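This is entry-v6.txt. It holds compact mmCIF, C-alpha atoms.
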```txt
# COMPACT_ATOMS: atom_id res chain seq x y z
CA MET C 6 123.53 50.73 125.36
CA LYS C 7 126.21 53.33 126.00
CA ILE C 8 127.02 55.94 123.35
CA LEU C 9 129.76 58.59 123.53
CA VAL C 10 129.16 61.81 121.57
CA VAL C 11 132.36 63.83 120.99
CA ASP C 12 132.25 67.43 119.72
CA ASP C 13 133.76 70.73 120.91
CA PHE C 14 130.46 72.53 120.18
CA SER C 15 127.91 71.95 122.94
CA THR C 16 125.10 72.66 120.45
CA MET C 17 126.23 69.85 118.15
CA ARG C 18 126.51 67.37 121.04
CA ARG C 19 122.96 68.24 122.01
CA ILE C 20 121.70 67.95 118.42
CA VAL C 21 123.23 64.48 118.01
CA ARG C 22 121.80 63.45 121.38
CA ASN C 23 118.34 64.70 120.33
CA LEU C 24 118.53 62.86 117.02
CA LEU C 25 119.57 59.63 118.68
CA VAL C 26 116.54 59.89 120.99
CA GLU C 27 114.35 60.69 117.96
CA LEU C 28 115.70 57.59 116.21
CA GLY C 29 114.58 55.43 119.10
CA PHE C 30 117.73 55.21 121.23
CA THR C 31 115.57 56.27 124.15
CA ASN C 32 117.07 53.79 126.58
CA ALA C 33 120.65 54.48 125.52
CA LEU C 34 122.94 56.15 128.03
CA ILE C 35 124.40 59.01 126.04
CA GLN C 36 127.58 60.59 127.42
CA GLU C 37 129.44 63.59 126.03
CA ALA C 38 133.08 64.67 125.64
CA ASP C 39 134.32 67.99 124.22
CA ASP C 40 137.55 66.74 122.61
CA GLY C 41 139.44 63.58 121.73
CA GLU C 42 141.59 63.65 124.85
CA ASN C 43 138.62 63.62 127.21
CA ALA C 44 136.90 61.06 125.01
CA ILE C 45 139.76 58.56 125.12
CA ALA C 46 139.97 58.96 128.92
CA MET C 47 136.24 58.18 129.22
CA LEU C 48 136.51 55.23 126.83
CA ARG C 49 139.31 53.76 128.95
CA SER C 50 137.39 54.14 132.19
CA MET C 51 134.02 52.66 131.15
CA PRO C 52 132.62 50.44 128.40
CA PHE C 53 130.88 52.09 125.42
CA GLU C 54 129.27 50.48 122.40
CA LEU C 55 129.39 53.37 119.95
CA VAL C 56 131.37 56.61 119.44
CA VAL C 57 129.96 59.49 117.37
CA THR C 58 132.73 62.04 116.85
CA ASP C 59 133.44 65.35 115.16
CA TRP C 60 136.74 65.87 113.27
CA ASN C 61 137.82 69.42 114.14
CA MET C 62 138.46 69.71 117.86
CA PRO C 63 141.17 71.25 120.04
CA ASN C 64 143.78 69.10 121.86
CA MET C 65 142.94 65.86 120.07
CA THR C 66 141.06 65.78 116.74
CA GLY C 67 138.52 63.18 115.72
CA ILE C 68 140.92 61.41 113.35
CA ASP C 69 143.54 61.16 116.12
CA LEU C 70 140.87 59.85 118.48
CA LEU C 71 139.93 57.22 115.88
CA ARG C 72 143.60 56.19 115.50
CA ALA C 73 144.02 56.06 119.29
CA ILE C 74 140.94 53.82 119.58
CA ARG C 75 142.21 51.45 116.86
CA ALA C 76 145.65 51.32 118.51
CA GLU C 77 144.31 50.10 121.86
CA PRO C 78 143.64 46.39 122.12
CA LYS C 79 140.73 46.93 124.52
CA LEU C 80 139.04 49.56 122.32
CA LYS C 81 140.01 48.68 118.76
CA GLY C 82 136.73 46.93 117.91
CA LEU C 83 134.59 49.89 118.98
CA PRO C 84 132.37 51.27 116.17
CA VAL C 85 133.19 54.91 115.36
CA LEU C 86 130.86 57.14 113.36
CA MET C 87 132.38 60.39 112.16
CA VAL C 88 130.09 63.41 111.83
CA THR C 89 132.03 66.29 110.34
CA ALA C 90 132.03 69.37 108.15
CA GLU C 91 135.28 68.10 106.58
CA ASN C 92 134.33 66.68 103.22
CA ASN C 93 137.48 66.69 101.12
CA ARG C 94 138.69 63.51 99.48
CA GLU C 95 141.93 63.22 101.44
CA GLN C 96 140.18 63.44 104.78
CA ILE C 97 137.55 60.87 103.88
CA ILE C 98 140.32 58.53 102.66
CA ALA C 99 142.33 59.15 105.85
CA ALA C 100 139.29 58.28 107.96
CA ALA C 101 138.63 55.14 105.93
CA GLN C 102 142.26 54.05 106.23
CA ALA C 103 142.16 54.65 109.98
CA GLY C 104 139.20 52.26 110.15
CA VAL C 105 136.14 54.49 110.51
CA ASN C 106 132.79 52.66 110.51
CA GLY C 107 130.70 55.48 109.05
CA TYR C 108 131.21 59.02 107.77
CA ILE C 109 128.52 61.71 107.79
CA VAL C 110 129.05 65.16 106.29
CA LYS C 111 127.41 68.07 108.10
CA PRO C 112 124.78 69.36 107.71
CA PHE C 113 123.01 66.02 107.64
CA THR C 114 119.48 64.74 108.07
CA ALA C 115 118.02 62.35 110.64
CA ALA C 116 117.48 59.90 107.77
CA THR C 117 121.23 59.91 106.96
CA LEU C 118 122.12 59.33 110.60
CA GLU C 119 119.59 56.48 110.78
CA GLU C 120 120.95 54.88 107.61
CA LYS C 121 124.61 55.01 108.72
CA LEU C 122 123.81 53.75 112.21
CA GLY C 123 121.74 50.97 110.68
CA LYS C 124 124.69 49.89 108.52
CA ILE C 125 127.04 49.90 111.51
CA PHE C 126 124.74 47.74 113.62
CA GLU C 127 124.01 45.40 110.68
CA ARG C 128 127.71 44.77 110.26
CA ILE C 129 128.18 44.21 113.98
CA ALA C 130 125.30 41.73 113.98
CA ALA C 131 126.75 39.96 110.93
CA SER C 132 130.25 39.69 112.39
CA GLY C 133 128.75 38.57 115.71
CA ALA C 134 126.80 35.82 113.92
CA SER C 135 129.81 34.62 111.94
CA ALA C 136 132.12 34.66 114.98
CA MET O 27 199.70 97.85 82.90
CA ASN O 28 196.91 100.12 81.78
CA ALA O 29 194.49 101.37 84.38
CA ILE O 30 191.02 99.81 84.01
CA SER O 31 188.13 102.24 83.86
CA PRO O 32 185.00 100.22 84.68
CA THR O 33 181.64 101.84 84.12
CA LEU O 34 178.24 101.29 85.63
CA ASN O 35 175.31 101.70 83.20
CA GLY O 36 177.63 103.67 80.97
CA GLU O 37 178.60 106.08 83.74
CA ALA O 38 182.04 106.28 85.22
CA LEU O 39 182.37 104.94 88.80
CA PRO O 40 183.17 107.33 91.69
CA PRO O 41 186.91 108.08 91.94
CA GLU O 42 187.34 106.10 95.22
CA LEU O 43 185.98 103.00 93.53
CA GLN O 44 188.11 103.61 90.44
CA ALA O 45 191.11 103.82 92.72
CA LEU O 46 190.15 100.60 94.49
CA PHE O 47 189.72 98.72 91.23
CA ASN O 48 193.19 99.77 90.22
CA SER O 49 194.73 99.08 93.62
CA THR O 50 197.12 96.19 93.98
CA ASP O 51 196.31 95.86 97.70
CA GLY O 52 193.89 92.87 97.67
CA ALA O 53 193.01 93.09 101.38
CA ALA O 54 192.15 96.80 101.18
CA PHE O 55 189.98 96.09 98.14
CA GLU O 56 188.05 93.33 99.93
CA GLN O 57 187.61 95.45 103.01
CA ALA O 58 186.28 98.39 101.04
CA LEU O 59 183.88 96.14 99.15
CA ASP O 60 182.61 94.58 102.40
CA GLY O 61 182.08 98.03 103.82
CA LEU O 62 180.06 99.09 100.82
CA LEU O 63 177.93 95.96 100.94
CA ARG O 64 177.29 96.36 104.68
CA GLN O 65 176.24 99.93 104.12
CA ARG O 66 173.76 98.84 101.49
CA GLU O 67 172.40 96.07 103.73
CA GLN O 68 171.95 98.45 106.63
CA ARG O 69 170.00 100.80 104.42
CA LEU O 70 167.81 97.95 103.20
CA PHE O 71 167.08 96.67 106.69
CA ARG O 72 166.34 100.13 107.99
CA ALA O 73 163.95 100.63 105.08
CA LEU O 74 162.29 97.30 105.91
CA GLY O 75 161.99 98.31 109.54
CA LEU O 76 160.41 101.63 108.62
CA LEU O 77 158.07 99.79 106.27
CA ALA O 78 156.98 97.51 109.09
CA ARG O 79 156.44 100.50 111.35
CA ASP O 80 154.40 102.27 108.64
CA LEU O 81 152.34 99.15 108.13
CA HIS O 82 151.70 98.89 111.83
CA ASN O 83 150.73 102.56 112.07
CA ALA O 84 148.51 102.26 109.02
CA MET O 85 146.71 99.35 110.63
CA ARG O 86 146.21 101.34 113.81
CA ARG O 87 144.89 104.29 111.79
CA ILE O 88 142.51 102.04 109.88
CA GLY O 89 141.36 100.65 113.22
CA GLY O 90 140.84 104.18 114.55
CA ASP O 91 138.88 105.24 111.47
CA LEU O 92 136.65 102.21 111.61
CA ALA O 93 136.10 102.70 115.33
CA VAL O 94 134.19 105.88 114.53
CA GLU O 95 131.65 103.75 112.72
CA GLY O 96 131.38 101.42 115.70
CA ALA O 97 133.69 98.73 114.31
CA PRO O 98 136.44 97.12 116.38
CA ALA O 99 139.49 99.35 116.89
CA THR O 100 142.16 96.67 117.25
CA MET O 101 142.75 93.11 116.17
CA ALA O 102 142.19 91.98 119.74
CA ASP O 103 138.79 93.73 119.70
CA ALA O 104 137.95 92.10 116.36
CA ARG O 105 138.81 88.70 117.79
CA GLN O 106 136.69 89.35 120.85
CA ASP O 107 133.74 90.47 118.71
CA LEU O 108 133.89 87.25 116.72
CA GLN O 109 134.12 85.26 119.94
CA ASP O 110 130.97 87.05 121.15
CA VAL O 111 129.17 86.16 117.91
CA LEU O 112 130.12 82.54 118.49
CA GLU O 113 128.71 82.58 122.02
CA MET O 114 125.54 84.44 121.06
CA SER O 115 124.77 82.05 118.21
CA ALA O 116 125.39 79.08 120.54
CA LYS O 117 123.03 80.59 123.10
CA ALA O 118 120.35 81.09 120.43
CA ALA O 119 120.76 77.49 119.22
CA HIS O 120 120.48 76.19 122.79
CA ARG O 121 117.25 78.13 123.32
CA SER O 122 115.75 76.52 120.23
CA LEU O 123 116.90 73.12 121.49
CA ASP O 124 115.35 73.83 124.90
CA PHE O 125 112.07 74.49 123.15
CA ALA O 126 112.27 71.31 121.05
CA GLU O 127 113.10 69.20 124.09
CA ARG O 128 110.20 70.69 126.04
CA MET O 129 107.70 70.19 123.22
CA ARG O 130 108.63 66.65 122.21
CA PRO O 131 107.04 64.94 125.29
CA GLU O 132 103.94 67.10 124.77
CA THR O 133 103.52 65.84 121.20
CA GLU O 134 103.94 62.30 122.52
CA SER O 135 101.24 62.70 125.15
CA MET O 136 98.93 64.38 122.64
CA ALA O 137 99.36 61.49 120.22
CA GLN O 138 98.74 59.07 123.11
CA HIS O 139 95.54 60.84 124.20
CA ALA O 140 94.31 61.08 120.62
CA SER O 141 94.66 57.34 120.10
CA GLU O 142 92.91 56.63 123.45
CA VAL O 143 89.99 58.90 122.51
CA LEU O 144 89.84 57.26 119.09
CA ALA O 145 89.62 53.81 120.72
CA HIS O 146 86.82 54.89 123.07
CA SER O 147 84.90 57.26 120.80
CA SER O 148 82.19 54.60 120.39
CA GLY O 149 81.14 55.65 116.96
CA ASP O 150 80.79 59.40 117.43
CA PRO O 151 82.13 60.57 114.05
CA ALA O 152 82.86 64.15 115.22
CA VAL O 153 84.96 62.96 118.17
CA ALA O 154 86.76 60.39 116.03
CA ALA O 155 87.56 62.99 113.38
CA LEU O 156 88.93 65.42 115.96
CA ALA O 157 91.01 62.69 117.63
CA ARG O 158 92.41 61.63 114.27
CA GLN O 159 93.24 65.22 113.43
CA ALA O 160 94.94 65.70 116.80
CA GLY O 161 97.01 62.56 116.23
CA GLU O 162 98.13 63.78 112.82
CA PHE O 163 98.94 67.21 114.21
CA ALA O 164 101.08 65.65 116.96
CA ALA O 165 102.97 63.59 114.39
CA SER O 166 103.67 66.57 112.13
CA CYS O 167 104.76 68.68 115.12
CA ARG O 168 107.19 65.98 116.10
CA GLU O 169 108.61 65.91 112.61
CA GLY O 170 108.86 69.70 112.55
CA LEU O 171 110.67 69.72 115.90
CA ALA O 172 113.21 67.21 114.61
CA ASP O 173 113.81 69.43 111.57
CA MET O 174 114.23 72.44 113.84
CA VAL O 175 116.80 70.57 115.94
CA LEU O 176 118.74 69.69 112.79
CA ALA O 177 118.60 73.27 111.53
CA GLN O 178 120.58 74.30 114.63
CA SER O 179 123.61 72.45 113.23
CA TRP O 180 124.25 75.56 111.11
CA GLN O 181 125.45 77.17 114.32
CA ASP O 182 128.21 74.58 114.45
CA LEU O 183 129.10 75.07 110.78
CA SER O 184 129.17 78.87 110.96
CA GLY O 185 130.95 78.70 114.33
CA GLN O 186 133.75 76.58 112.89
CA ARG O 187 134.33 79.20 110.20
CA ILE O 188 134.36 81.97 112.79
CA LYS O 189 136.94 80.03 114.80
CA LYS O 190 139.14 79.74 111.71
CA VAL O 191 138.90 83.50 111.07
CA VAL O 192 139.77 84.21 114.74
CA SER O 193 142.91 82.12 114.47
CA PHE O 194 143.74 83.68 111.07
CA ILE O 195 143.57 87.20 112.56
CA GLY O 196 145.86 86.03 115.35
CA SER O 197 148.40 84.62 112.91
CA VAL O 198 148.38 87.77 110.74
CA GLU O 199 149.02 89.84 113.87
CA ASN O 200 151.87 87.57 114.95
CA SER O 201 153.43 87.51 111.47
CA LEU O 202 153.38 91.28 111.34
CA LEU O 203 155.08 91.56 114.70
CA GLU O 204 157.57 88.89 113.71
CA LEU O 205 158.39 90.99 110.63
CA VAL O 206 158.94 94.02 112.83
CA ARG O 207 161.15 91.99 115.18
CA LEU O 208 163.16 90.48 112.35
CA THR O 209 163.73 93.71 110.48
CA GLY O 210 164.61 95.42 113.76
CA ALA O 211 167.20 92.73 114.53
CA LEU O 212 168.67 92.91 111.03
CA ALA O 213 168.81 96.68 111.16
CA GLY O 214 171.12 96.42 114.14
CA GLY O 215 168.77 96.30 117.14
CA GLU O 216 169.08 93.55 119.73
CA ALA O 217 166.57 90.76 119.13
CA PRO O 218 164.32 90.40 122.15
CA VAL O 219 164.45 87.13 124.04
CA ALA O 220 162.88 84.26 122.11
CA ALA O 221 160.33 86.39 120.23
CA ALA O 222 157.80 85.92 123.00
CA LYS O 223 154.15 85.91 121.97
CA ILE O 224 152.72 89.39 121.75
CA SER O 225 149.31 89.72 123.26
CA SER O 226 148.61 93.39 123.70
CA GLN O 227 148.88 96.60 121.78
CA ASP O 228 151.21 98.02 124.46
CA GLU O 229 153.60 95.11 124.11
CA ALA O 230 153.59 95.55 120.35
CA ASP O 231 154.38 99.25 120.66
CA ARG O 232 157.10 98.55 123.20
CA LEU O 233 158.69 96.01 120.90
CA LEU O 234 158.57 98.39 117.95
CA SER O 235 160.16 101.19 119.91
CA GLU O 236 162.95 98.85 121.09
CA PHE O 237 164.11 98.85 117.50
CA GLY O 238 163.74 102.54 117.10
CA PHE O 239 160.71 102.38 114.81
```

As structure tokens, please, write out the structure in this file.
Amino acid sequence: MKILVVDDFSTMRRIVRNLLVELGFTNALIQEADDGENAIAMLRSMPFELVVTDWNMPNMTGIDLLRAIRAEPKLKGLPVLMVTAENNREQIIAAAQAGVNGYIVKPFTAATLEEKLGKIFERIAASGASA
Amino acid sequence: MNAISPTLNGEALPPELQALFNSTDGAAFEQALDGLLRQREQRLFRALGLLARDLHNAMRRIGGDLAVEGAPATMADARQDLQDVLEMSAKAAHRSLDFAERMRPETESMAQHASEVLAHSSGDPAVAALARQAGEFAASCREGLADMVLAQSWQDLSGQRIKKVVSFIGSVENSLLELVRLTGALAGGEAPVAAAKISSQDEADRLLSEFGF
């Protein structure tokens, strides 16, 4: 399984990577990007199964990355989990309207990450079964 | 026709104005009024320009005073200091993460060894108890390491705030210089080409002096 972790802070990318390993994604190939622009370029060049992205980043923000993913026929079905310090109503609504699959407010716990990831994969499994 | 004697706040107007009010030459009246208004505007803009210069000097003085106590002397220094804080806190967080990543496999192998010993302890209660204890210790270490990793996310949260303050300082500095540029242009100086971004104290001083402040 290939996961792309997008955050402009190298510490946060490493923390998410560590937590994913802790949650049992030991065989996952975890790649990193430091902003939305680099992320979308990587998503176009190789297949990923999950994107975990921050909101506040230079060049291209997380919400713009999410919109870009949903606008591309090849990428639009990709699950996107947002992990962000932005927790105001408008932003959460904007993310929901843009088609986010999960929204985690920082600081978060491993249990929260596990729960949101679980929900995302449950839904994928359910839509796969009904398709 | 009787001459009109307008008053301002109960006081009679200066004779030249009185004369203008009573003049029948409309063009001369307009011209004189325009002149008066322009004079007032010039005074206002010059005052604004001087205000901007004073503000700028006050900020430099404040910077100089603080520098005695080891604080940053200029806005650029303040920005750099915050940038350094950001990098130092990131470095500290990475060191903690290094430690957690190094220790995690060790807890795994300890747990593994403990369960092997437990399986082969062949009834020795002391060995079994120690193996069980080691296994529990490995598990709680692992949990503690995960918590420590998570605690490093405060570096990201505090860092984001620092970044916002850095950009705020930059925008205050630019607004101040824009005010100086604008008031200078209004006060009669030539506006410099396209209000280029000001990056150094020298440039700021040069710009201010262009307008005679």

Which residues of chain O come within 8 Å of chain C, and what is each one's closest atom pair and distance in Å (one decimal), counting all atoms listed in the file, sorted by chain and residue number, as a tab-separated table?
```
residue	atom	partner	partner_atom	distance
O:Ala116	CA	C:Thr16	CA	6.4
O:Ala119	CA	C:Thr16	CA	6.6
O:His120	CA	C:Thr16	CA	6.3
O:Leu123	CA	C:Ile20	CA	7.7
O:Glu127	CA	C:Asn23	CA	7.9
O:Ala172	CA	C:Leu24	CA	7.3
O:Val175	CA	C:Ile20	CA	6.1
O:Leu176	CA	C:Ile20	CA	6.6
O:Gln178	CA	C:Ile20	CA	7.5
O:Ser179	CA	C:Met17	CA	6.2
O:Trp180	CA	C:Pro112	CA	7.1
O:Gln181	CA	C:Thr16	CA	7.6
O:Asp182	CA	C:Met17	CA	6.3
O:Leu183	CA	C:Ala90	CA	6.9
```

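A straight line drawn from atom CA of C:Arg75 to atom CA of C:Val105 is 9.3 Å long.
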
Spatial neighbours of O:Phe163, 12 Å, only C-alpha atoms, chain gap at least 2 places, as a list in words: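 Final neighbour list, sorted by chain and number: Glu132, Thr133, Glu134, Met136, Ala137, Ala140, Leu156, Ala157, Arg158, Gln159, Ala160, Gly161, Ala165, Ser166, Cys167, Arg168, Glu169 and Gly170 of chain O.
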
Would you mind exporting C-alpha atoms of the selected residues as a PDB file, in the frame of the given file?
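Saved as selection.pdb:
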```pdb
ATOM      1  CA  GLU O 132     103.940  67.100 124.770  1.00  0.00           C
ATOM      2  CA  THR O 133     103.520  65.840 121.200  1.00  0.00           C
ATOM      3  CA  GLU O 134     103.940  62.300 122.520  1.00  0.00           C
ATOM      4  CA  MET O 136      98.930  64.380 122.640  1.00  0.00           C
ATOM      5  CA  ALA O 137      99.360  61.490 120.220  1.00  0.00           C
ATOM      6  CA  ALA O 140      94.310  61.080 120.620  1.00  0.00           C
ATOM      7  CA  LEU O 156      88.930  65.420 115.960  1.00  0.00           C
ATOM      8  CA  ALA O 157      91.010  62.690 117.630  1.00  0.00           C
ATOM      9  CA  ARG O 158      92.410  61.630 114.270  1.00  0.00           C
ATOM     10  CA  GLN O 159      93.240  65.220 113.430  1.00  0.00           C
ATOM     11  CA  ALA O 160      94.940  65.700 116.800  1.00  0.00           C
ATOM     12  CA  GLY O 161      97.010  62.560 116.230  1.00  0.00           C
ATOM     13  CA  ALA O 165     102.970  63.590 114.390  1.00  0.00           C
ATOM     14  CA  SER O 166     103.670  66.570 112.130  1.00  0.00           C
ATOM     15  CA  CYS O 167     104.760  68.680 115.120  1.00  0.00           C
ATOM     16  CA  ARG O 168     107.190  65.980 116.100  1.00  0.00           C
ATOM     17  CA  GLU O 169     108.610  65.910 112.610  1.00  0.00           C
ATOM     18  CA  GLY O 170     108.860  69.700 112.550  1.00  0.00           C
TER      19      GLY O 170
END
```

Work out how far apart atom CA of C:Ile68 and atom CA of C:Ala103 are and give it in Å to one decimal. 7.7 Å

Residue with smallest distance to C:Ile109 - pool C:Ile129, C:Ala46, C:Met87, C:Leu122, counting all atoms listed in the file: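 Checking each candidate against C:Ile109, we get C:Met87 as the closest.
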
Grab the atom CA of C:Leu83 to atom CA of O:Gln186 distance for me, in Å with one decimal place.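 Computing it gives 27.4 Å between the two atoms.
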
Return as JSON the centre and edge lengths, in Å with one decimal, of the box along x, y and z that encloses every atom of stretch 31-36 of chain C in the file, padded by 6 Å per side.
```
{"center_x": 121.6, "center_y": 57.2, "center_z": 126.1, "size_x": 24.0, "size_y": 18.8, "size_z": 15.9}
```

Which residue is closest to C:Leu28? Choose from C:Ser132, C:Ala116, C:Phe126, C:Asp40 and count only C-alpha atoms. C:Ala116

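Distances to C:Val88 were evaluated for C:Val10, C:Leu55, C:Val110, C:Ile125 using only C-alpha atoms, and the minimum falls at C:Val110.
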
Using all atoms listed in the file, can you list as number ranges by chain the residues within 8 Å of (143.8, 62.2, 125.0)? C: 41-46, 64-65, 70
